[in-house]
Amino acid sequence: MIIDSHCHAWERWPYEPPVPDFHGKGRFEQLLNEMDLNGVDQAFLVCAGIEHNPHNNDYISRMSSLYSGRIRQVADVDCSWSETYHTPGADKRLRQAAERWSLQAFTHYMKPDDDGSWLYGEDGQEFFETAVELGLIASIACSPHHHAALHRVAERFPQLTIFVHHLGHPGVGDKERLEKVLASARFANIGVKVSGFYYSTQQGFWDFPYADSIREIVQPLYDTFGPERLYWGSDYPVCLRFMTYRQAVECFRSHCDFIPEADQALIMGENLRRLLDSGGDG
């Protein structure tokens, strides 16, 4: 069982520069084709209501109903681009989203310059308390300096499973940022997505397989978190700006050769399958 823990699909391509297939490049059918070609069984699909796609949650919900068993929707709730970002009533909006789209998980993107205090403030605590009540997984996009705030959430709500996107965004050569991510390993309910190797490299976005990210970030994450709290993801279709879907698979499967095959199987799908089948309770 292979589950892509971090991918997207959009009705309209959201990034610059413009593309000729504006209405096709990011659609779910393209993702499904890549999954089929590469033996990926399911997508833990992270919604993002970014440029040209304000109704991405509804789009992914429709696709989920059409392709039953292939998608687990991770709904965008109050992400950094939304008008409701860190405004009162987040707990109610999360409950409404969970009921409307029958969720097992949601995503919340933090602004890079946010100090993280909302996460453990009154509104944030009510937000995550609702997530625990509903048995939801929290997929969080954040920077290393947000981890201290995440620790307070993880400690307050040990039942809440928290995923951090894209290796935690530490950056090759920045030991201080990496240490902030690795410090989260002491909380059993925090895990990291092994995705987006190109975001951390210093070798150039085009330089597959991003050996510096593998050596200086993926290996320390594996050594510190262990195999049970890491989750492989492709970052499709964003990865197409740097590499193919197959290369997103092989960055991990072929080039993280310090990880035994049994542990790779956990990271590439079994960890996430067990969580989803247990209702998100790790």
# chains A, B, ... in the order shown; residues from 1 in each chain; ligands from 1

$ residues_around --residues "Gln73 of chain A" --least-positions-apart "3" --cutoff "12 Å" --atoms "only C-alpha atoms" --output "ChimeraX atom specification"
/A:4-9,42-48,56-65,67-70,76-77,97-98,100-107,136-137,139,276

$ closest_atom_pairs --of "segment 232-265 of chain A" --to "segment 197-201 of chain A" --cutoff "12 Å" --atoms "only C-alpha atoms" --output "JSON lines"
{"residue": "A:Trp232", "atom": "CA", "partner": "A:Phe197", "partner_atom": "CA", "distance": 10.9}
{"residue": "A:Gly233", "atom": "CA", "partner": "A:Phe197", "partner_atom": "CA", "distance": 10.1}
{"residue": "A:Ser234", "atom": "CA", "partner": "A:Phe197", "partner_atom": "CA", "distance": 9.5}
{"residue": "A:Asp235", "atom": "CA", "partner": "A:Phe197", "partner_atom": "CA", "distance": 9.6}
{"residue": "A:Val238", "atom": "CA", "partner": "A:Tyr198", "partner_atom": "CA", "distance": 10.8}
{"residue": "A:Cys239", "atom": "CA", "partner": "A:Tyr198", "partner_atom": "CA", "distance": 8.6}
{"residue": "A:Leu240", "atom": "CA", "partner": "A:Tyr198", "partner_atom": "CA", "distance": 11.3}
{"residue": "A:Arg241", "atom": "CA", "partner": "A:Tyr198", "partner_atom": "CA", "distance": 10.1}
{"residue": "A:Phe242", "atom": "CA", "partner": "A:Tyr198", "partner_atom": "CA", "distance": 7.6}
{"residue": "A:Met243", "atom": "CA", "partner": "A:Tyr198", "partner_atom": "CA", "distance": 9.3}
{"residue": "A:Gln247", "atom": "CA", "partner": "A:Phe197", "partner_atom": "CA", "distance": 11.0}
{"residue": "A:Ala248", "atom": "CA", "partner": "A:Phe197", "partner_atom": "CA", "distance": 8.7}
{"residue": "A:Val249", "atom": "CA", "partner": "A:Phe197", "partner_atom": "CA", "distance": 11.2}
{"residue": "A:Glu250", "atom": "CA", "partner": "A:Phe197", "partner_atom": "CA", "distance": 11.5}
{"residue": "A:Cys251", "atom": "CA", "partner": "A:Phe197", "partner_atom": "CA", "distance": 8.1}
{"residue": "A:Phe252", "atom": "CA", "partner": "A:Phe197", "partner_atom": "CA", "distance": 9.3}
{"residue": "A:His255", "atom": "CA", "partner": "A:Phe197", "partner_atom": "CA", "distance": 11.7}
{"residue": "A:Cys256", "atom": "CA", "partner": "A:Phe197", "partner_atom": "CA", "distance": 11.6}

$ residues_around --residues "His169 of chain A" --least-positions-apart "2" --cutoff "12 Å" --atoms "only C-alpha atoms" --output "ChimeraX atom specification"
/A:112,140-147,164-167,171-182,192-201,213,217-218,221

$ residues_around --residues "segment 21-32 of chain A" --least-positions-apart "6" --cutoff "7 Å" --atoms "only C-alpha atoms" --output "ChimeraX atom specification"
/A:9-13,237

$ write_last_selection --atoms "all heavy atoms" --output "CSV table (one decimal), in the first residue's frame"
chain,number,residue,atom,x,y,z
A,9,ALA,N,-4.7,19.1,-6.0
A,9,ALA,CA,-5.4,19.1,-7.4
A,9,ALA,C,-6.2,20.4,-7.4
A,9,ALA,O,-6.9,20.7,-6.4
A,9,ALA,CB,-6.3,17.9,-7.6
A,10,TRP,N,-6.2,21.0,-8.6
A,10,TRP,CA,-6.9,22.3,-8.8
A,10,TRP,C,-7.6,22.3,-10.1
A,10,TRP,O,-7.1,21.7,-11.1
A,10,TRP,CB,-5.9,23.4,-8.7
A,10,TRP,CG,-5.3,23.7,-7.4
A,10,TRP,CD1,-5.9,24.2,-6.3
A,10,TRP,CD2,-3.9,23.5,-7.0
A,10,TRP,NE1,-5.0,24.3,-5.2
A,10,TRP,CE2,-3.8,23.9,-5.7
A,10,TRP,CE3,-2.8,23.0,-7.7
A,10,TRP,CZ2,-2.6,23.8,-5.0
A,10,TRP,CZ3,-1.6,23.0,-7.1
A,10,TRP,CH2,-1.5,23.3,-5.7
A,11,GLU,N,-8.7,23.0,-10.2
A,11,GLU,CA,-9.5,23.2,-11.4
A,11,GLU,C,-8.7,24.1,-12.4
A,11,GLU,O,-8.9,24.0,-13.6
A,11,GLU,CB,-10.9,23.7,-11.2
A,11,GLU,CG,-11.8,22.7,-10.5
A,11,GLU,CD,-13.1,23.3,-10.1
A,11,GLU,OE1,-13.2,24.1,-9.1
A,11,GLU,OE2,-14.1,23.1,-10.9
A,12,ARG,N,-8.0,25.0,-11.8
A,12,ARG,CA,-7.2,26.0,-12.6
A,12,ARG,C,-5.8,26.1,-12.0
A,12,ARG,O,-5.6,26.1,-10.8
A,12,ARG,CB,-7.9,27.4,-12.5
A,12,ARG,CG,-9.4,27.4,-12.9
A,12,ARG,CD,-10.1,28.6,-12.5
A,12,ARG,NE,-11.6,28.5,-12.7
A,12,ARG,CZ,-12.4,27.9,-11.8
A,12,ARG,NH1,-11.9,27.5,-10.7
A,12,ARG,NH2,-13.7,27.8,-12.1
A,13,TRP,N,-4.8,26.2,-12.9
A,13,TRP,CA,-3.4,26.3,-12.4
A,13,TRP,C,-3.2,27.6,-11.7
A,13,TRP,O,-3.4,28.7,-12.2
A,13,TRP,CB,-2.5,26.2,-13.6
A,13,TRP,CG,-1.1,26.1,-13.3
A,13,TRP,CD1,-0.1,27.0,-13.5
A,13,TRP,CD2,-0.4,25.0,-12.6
A,13,TRP,NE1,1.1,26.5,-13.0
A,13,TRP,CE2,0.9,25.3,-12.5
A,13,TRP,CE3,-0.9,23.7,-12.2
A,13,TRP,CZ2,1.8,24.4,-11.9
A,13,TRP,CZ3,0.0,22.9,-11.6
A,13,TRP,CH2,1.4,23.2,-11.4
A,237,PRO,N,0.8,18.7,-7.9
A,237,PRO,CA,1.6,18.9,-9.1
A,237,PRO,C,2.7,20.0,-9.0
A,237,PRO,O,3.3,20.4,-10.0
A,237,PRO,CB,0.5,19.4,-10.1
A,237,PRO,CG,-0.4,20.1,-9.3
A,237,PRO,CD,-0.5,19.4,-7.9

$ closest_residue --among "A:Val40, A:Glu129, A:Leu119, A:Ile267" --to "Ile71 of chain A" --atoms "only C-alpha atoms"
A:Val40

$ select_by_dssp --residues "segment 16-248 of chain A" --states "strand (DSSP E or B)" --output "NGL selection string"
:A and (42-46 or 71-76 or 105-109 or 137-141 or 162-164 or 190-194 or 230-232)

$ closest_residue --among "A:Leu134, A:Leu266, A:Ile2, A:Leu272" --to "Phe163 of chain A" --atoms "only C-alpha atoms"
A:Leu272

$ atom_distance --atom1 "atom CA of Ala185 of chain A" --atom2 "atom CA of His86 of chain A"
26.3 Å

$ closest_residue --among "A:Met1, A:Asn33, A:Tyr109, A:Pro54" --to "Pro14 of chain A" --atoms "only C-alpha atoms"
A:Pro54

$ residues_around --residues "segment 150-157 of chain A" --least-positions-apart "5" --cutoff "9 Å" --atoms "only C-alpha atoms" --output "compact mmCIF listing (two decimals) with C-alpha atoms, in the first residue's frame"
# COMPACT_ATOMS: atom_id res chain seq x y z
CA GLY A 116 2.60 31.03 16.36
CA LEU A 119 -2.00 28.06 18.09
CA TYR A 120 -1.96 27.93 21.89
CA GLY A 124 -6.42 28.02 18.79
CA GLN A 125 -7.04 25.79 21.77
CA PHE A 128 -7.68 21.93 18.25
CA GLU A 129 -10.04 20.75 20.97
CA VAL A 132 -9.69 16.06 18.88
CA ILE A 162 -0.10 16.48 13.82
CA ALA A 183 12.95 18.91 18.83
CA SER A 184 9.39 17.98 17.93
CA PHE A 187 6.16 14.54 21.19
CA ALA A 188 4.76 11.19 20.09
CA ASN A 189 1.85 12.79 18.23
CA ILE A 190 3.97 14.95 15.88

$ closest_residue --among "A:Asn271, A:Asp123, A:Asp114, A:Ser254" --to "Gly89 of chain A" --atoms "only C-alpha atoms"
A:Asp123

$ atom_distance --atom1 "atom CA of Pro18 of chain A" --atom2 "atom CA of Ser80 of chain A"
23.0 Å

$ atom_distance --atom1 "atom CA of Asp257 of chain A" --atom2 "atom CA of Gln219 of chain A"
9.9 Å

$ select_by_dssp --residues "segment 131-176 of chain A" --states "alpha helix (DSSP H)" --output "list in words"
Ala131, Val132, Glu133, Leu134, His147, Ala148, Ala149, Leu150, His151, Arg152, Val153, Ala154, Glu155, Arg156, Lys175 and Glu176 of chain A

$ write_last_selection --atoms "all heavy atoms" --output "tab-separated table (two decimals), in the first residue's frame"
chain	number	residue	atom	x	y	z
A	131	ALA	N	-10.88	19.58	16.90
A	131	ALA	CA	-10.24	18.55	16.07
A	131	ALA	C	-10.14	17.23	16.81
A	131	ALA	O	-10.40	16.16	16.24
A	131	ALA	CB	-8.85	19.03	15.64
A	132	VAL	N	-9.78	17.28	18.08
A	132	VAL	CA	-9.69	16.06	18.88
A	132	VAL	C	-11.06	15.43	19.04
A	132	VAL	O	-11.23	14.21	18.88
A	132	VAL	CB	-9.07	16.36	20.26
A	132	VAL	CG1	-9.18	15.15	21.17
A	132	VAL	CG2	-7.61	16.76	20.10
A	133	GLU	N	-12.05	16.23	19.35
A	133	GLU	CA	-13.41	15.73	19.53
A	133	GLU	C	-13.90	15.00	18.28
A	133	GLU	O	-14.57	13.96	18.37
A	133	GLU	CB	-14.36	16.89	19.85
A	133	GLU	CG	-15.81	16.49	19.99
A	133	GLU	CD	-16.74	17.68	20.04
A	133	GLU	OE1	-16.29	18.79	20.42
A	133	GLU	OE2	-17.93	17.52	19.67
A	134	LEU	N	-13.54	15.54	17.10
A	134	LEU	CA	-14.00	14.97	15.83
A	134	LEU	C	-13.06	13.90	15.29
A	134	LEU	O	-13.34	13.31	14.25
A	134	LEU	CB	-14.16	16.09	14.81
A	134	LEU	CG	-15.20	17.18	15.15
A	134	LEU	CD1	-15.16	18.30	14.13
A	134	LEU	CD2	-16.59	16.59	15.25
A	147	HIS	N	7.51	25.60	15.71
A	147	HIS	CA	7.48	24.31	16.40
A	147	HIS	C	7.30	24.44	17.90
A	147	HIS	O	6.65	23.60	18.52
A	147	HIS	CB	8.72	23.49	16.05
A	147	HIS	CG	8.58	22.75	14.76
A	147	HIS	ND1	8.43	21.39	14.68
A	147	HIS	CD2	8.52	23.21	13.49
A	147	HIS	CE1	8.31	21.03	13.42
A	147	HIS	NE2	8.37	22.11	12.67
A	148	ALA	N	7.85	25.47	18.49
A	148	ALA	CA	7.68	25.66	19.94
A	148	ALA	C	6.20	25.81	20.28
A	148	ALA	O	5.72	25.27	21.29
A	148	ALA	CB	8.47	26.87	20.42
A	149	ALA	N	5.46	26.50	19.42
A	149	ALA	CA	4.02	26.64	19.63
A	149	ALA	C	3.30	25.32	19.40
A	149	ALA	O	2.37	24.97	20.13
A	149	ALA	CB	3.46	27.72	18.71
A	150	LEU	N	3.74	24.57	18.39
A	150	LEU	CA	3.16	23.25	18.14
A	150	LEU	C	3.37	22.32	19.33
A	150	LEU	O	2.52	21.49	19.63
A	150	LEU	CB	3.78	22.63	16.89
A	150	LEU	CG	3.19	22.97	15.53
A	150	LEU	CD1	3.89	22.15	14.45
A	150	LEU	CD2	1.69	22.74	15.48
A	151	HIS	N	4.51	22.45	20.00
A	151	HIS	CA	4.77	21.62	21.17
A	151	HIS	C	3.70	21.82	22.24
A	151	HIS	O	3.26	20.86	22.88
A	151	HIS	CB	6.14	21.95	21.77
A	151	HIS	CG	7.27	21.66	20.85
A	151	HIS	ND1	8.57	22.06	21.12
A	151	HIS	CD2	7.33	21.01	19.66
A	151	HIS	CE1	9.36	21.67	20.14
A	151	HIS	NE2	8.63	21.03	19.24
A	152	ARG	N	3.27	23.06	22.40
A	152	ARG	CA	2.25	23.35	23.41
A	152	ARG	C	0.92	22.72	23.02
A	152	ARG	O	0.17	22.24	23.87
A	152	ARG	CB	2.12	24.87	23.60
A	152	ARG	CG	3.40	25.48	24.14
A	152	ARG	CD	3.36	26.99	24.25
A	152	ARG	NE	2.43	27.44	25.29
A	152	ARG	CZ	2.46	28.66	25.81
A	152	ARG	NH1	3.39	29.54	25.41
A	152	ARG	NH2	1.59	29.03	26.73
A	153	VAL	N	0.63	22.71	21.73
A	153	VAL	CA	-0.60	22.06	21.25
A	153	VAL	C	-0.49	20.55	21.45
A	153	VAL	O	-1.43	19.90	21.94
A	153	VAL	CB	-0.85	22.40	19.76
A	153	VAL	CG1	-2.05	21.62	19.23
A	153	VAL	CG2	-1.05	23.90	19.58
A	154	ALA	N	0.64	19.98	21.05
A	154	ALA	CA	0.83	18.53	21.16
A	154	ALA	C	0.76	18.06	22.60
A	154	ALA	O	0.22	16.99	22.90
A	154	ALA	CB	2.18	18.15	20.55
A	155	GLU	N	1.30	18.86	23.51
A	155	GLU	CA	1.29	18.49	24.92
A	155	GLU	C	-0.11	18.59	25.50
A	155	GLU	O	-0.54	17.74	26.29
A	155	GLU	CB	2.25	19.39	25.69
A	155	GLU	CG	2.47	18.98	27.14
A	155	GLU	CD	3.59	19.76	27.78
A	155	GLU	OE1	3.79	20.95	27.42
A	155	GLU	OE2	4.28	19.19	28.65
A	156	ARG	N	-0.84	19.63	25.10
A	156	ARG	CA	-2.21	19.82	25.61
A	156	ARG	C	-3.15	18.75	25.06
A	156	ARG	O	-4.07	18.30	25.74
A	156	ARG	CB	-2.70	21.22	25.22
A	156	ARG	CG	-4.16	21.50	25.51
A	156	ARG	CD	-4.45	21.69	26.98
A	156	ARG	NE	-5.88	21.87	27.22
A	156	ARG	CZ	-6.52	23.04	27.11
A	156	ARG	NH1	-5.85	24.15	26.78
A	156	ARG	NH2	-7.81	23.11	27.35
A	175	LYS	N	21.61	24.74	10.87
A	175	LYS	CA	21.47	23.78	11.96
A	175	LYS	C	20.45	24.23	13.00
A	175	LYS	O	19.76	23.40	13.59
A	175	LYS	CB	22.83	23.53	12.61
A	175	LYS	CG	23.82	22.82	11.72
A	175	LYS	CD	25.12	22.52	12.44
A	175	LYS	CE	26.08	21.76	11.55
A	175	LYS	NZ	27.38	21.46	12.24
A	176	GLU	N	20.34	25.52	13.21
A	176	GLU	CA	19.38	26.02	14.20
A	176	GLU	C	17.95	25.71	13.79
A	176	GLU	O	17.14	25.26	14.61
A	176	GLU	CB	19.57	27.53	14.39
A	176	GLU	CG	18.64	28.13	15.46
A	176	GLU	CD	18.84	29.61	15.65
A	176	GLU	OE1	19.81	30.17	15.09
A	176	GLU	OE2	18.03	30.23	16.36
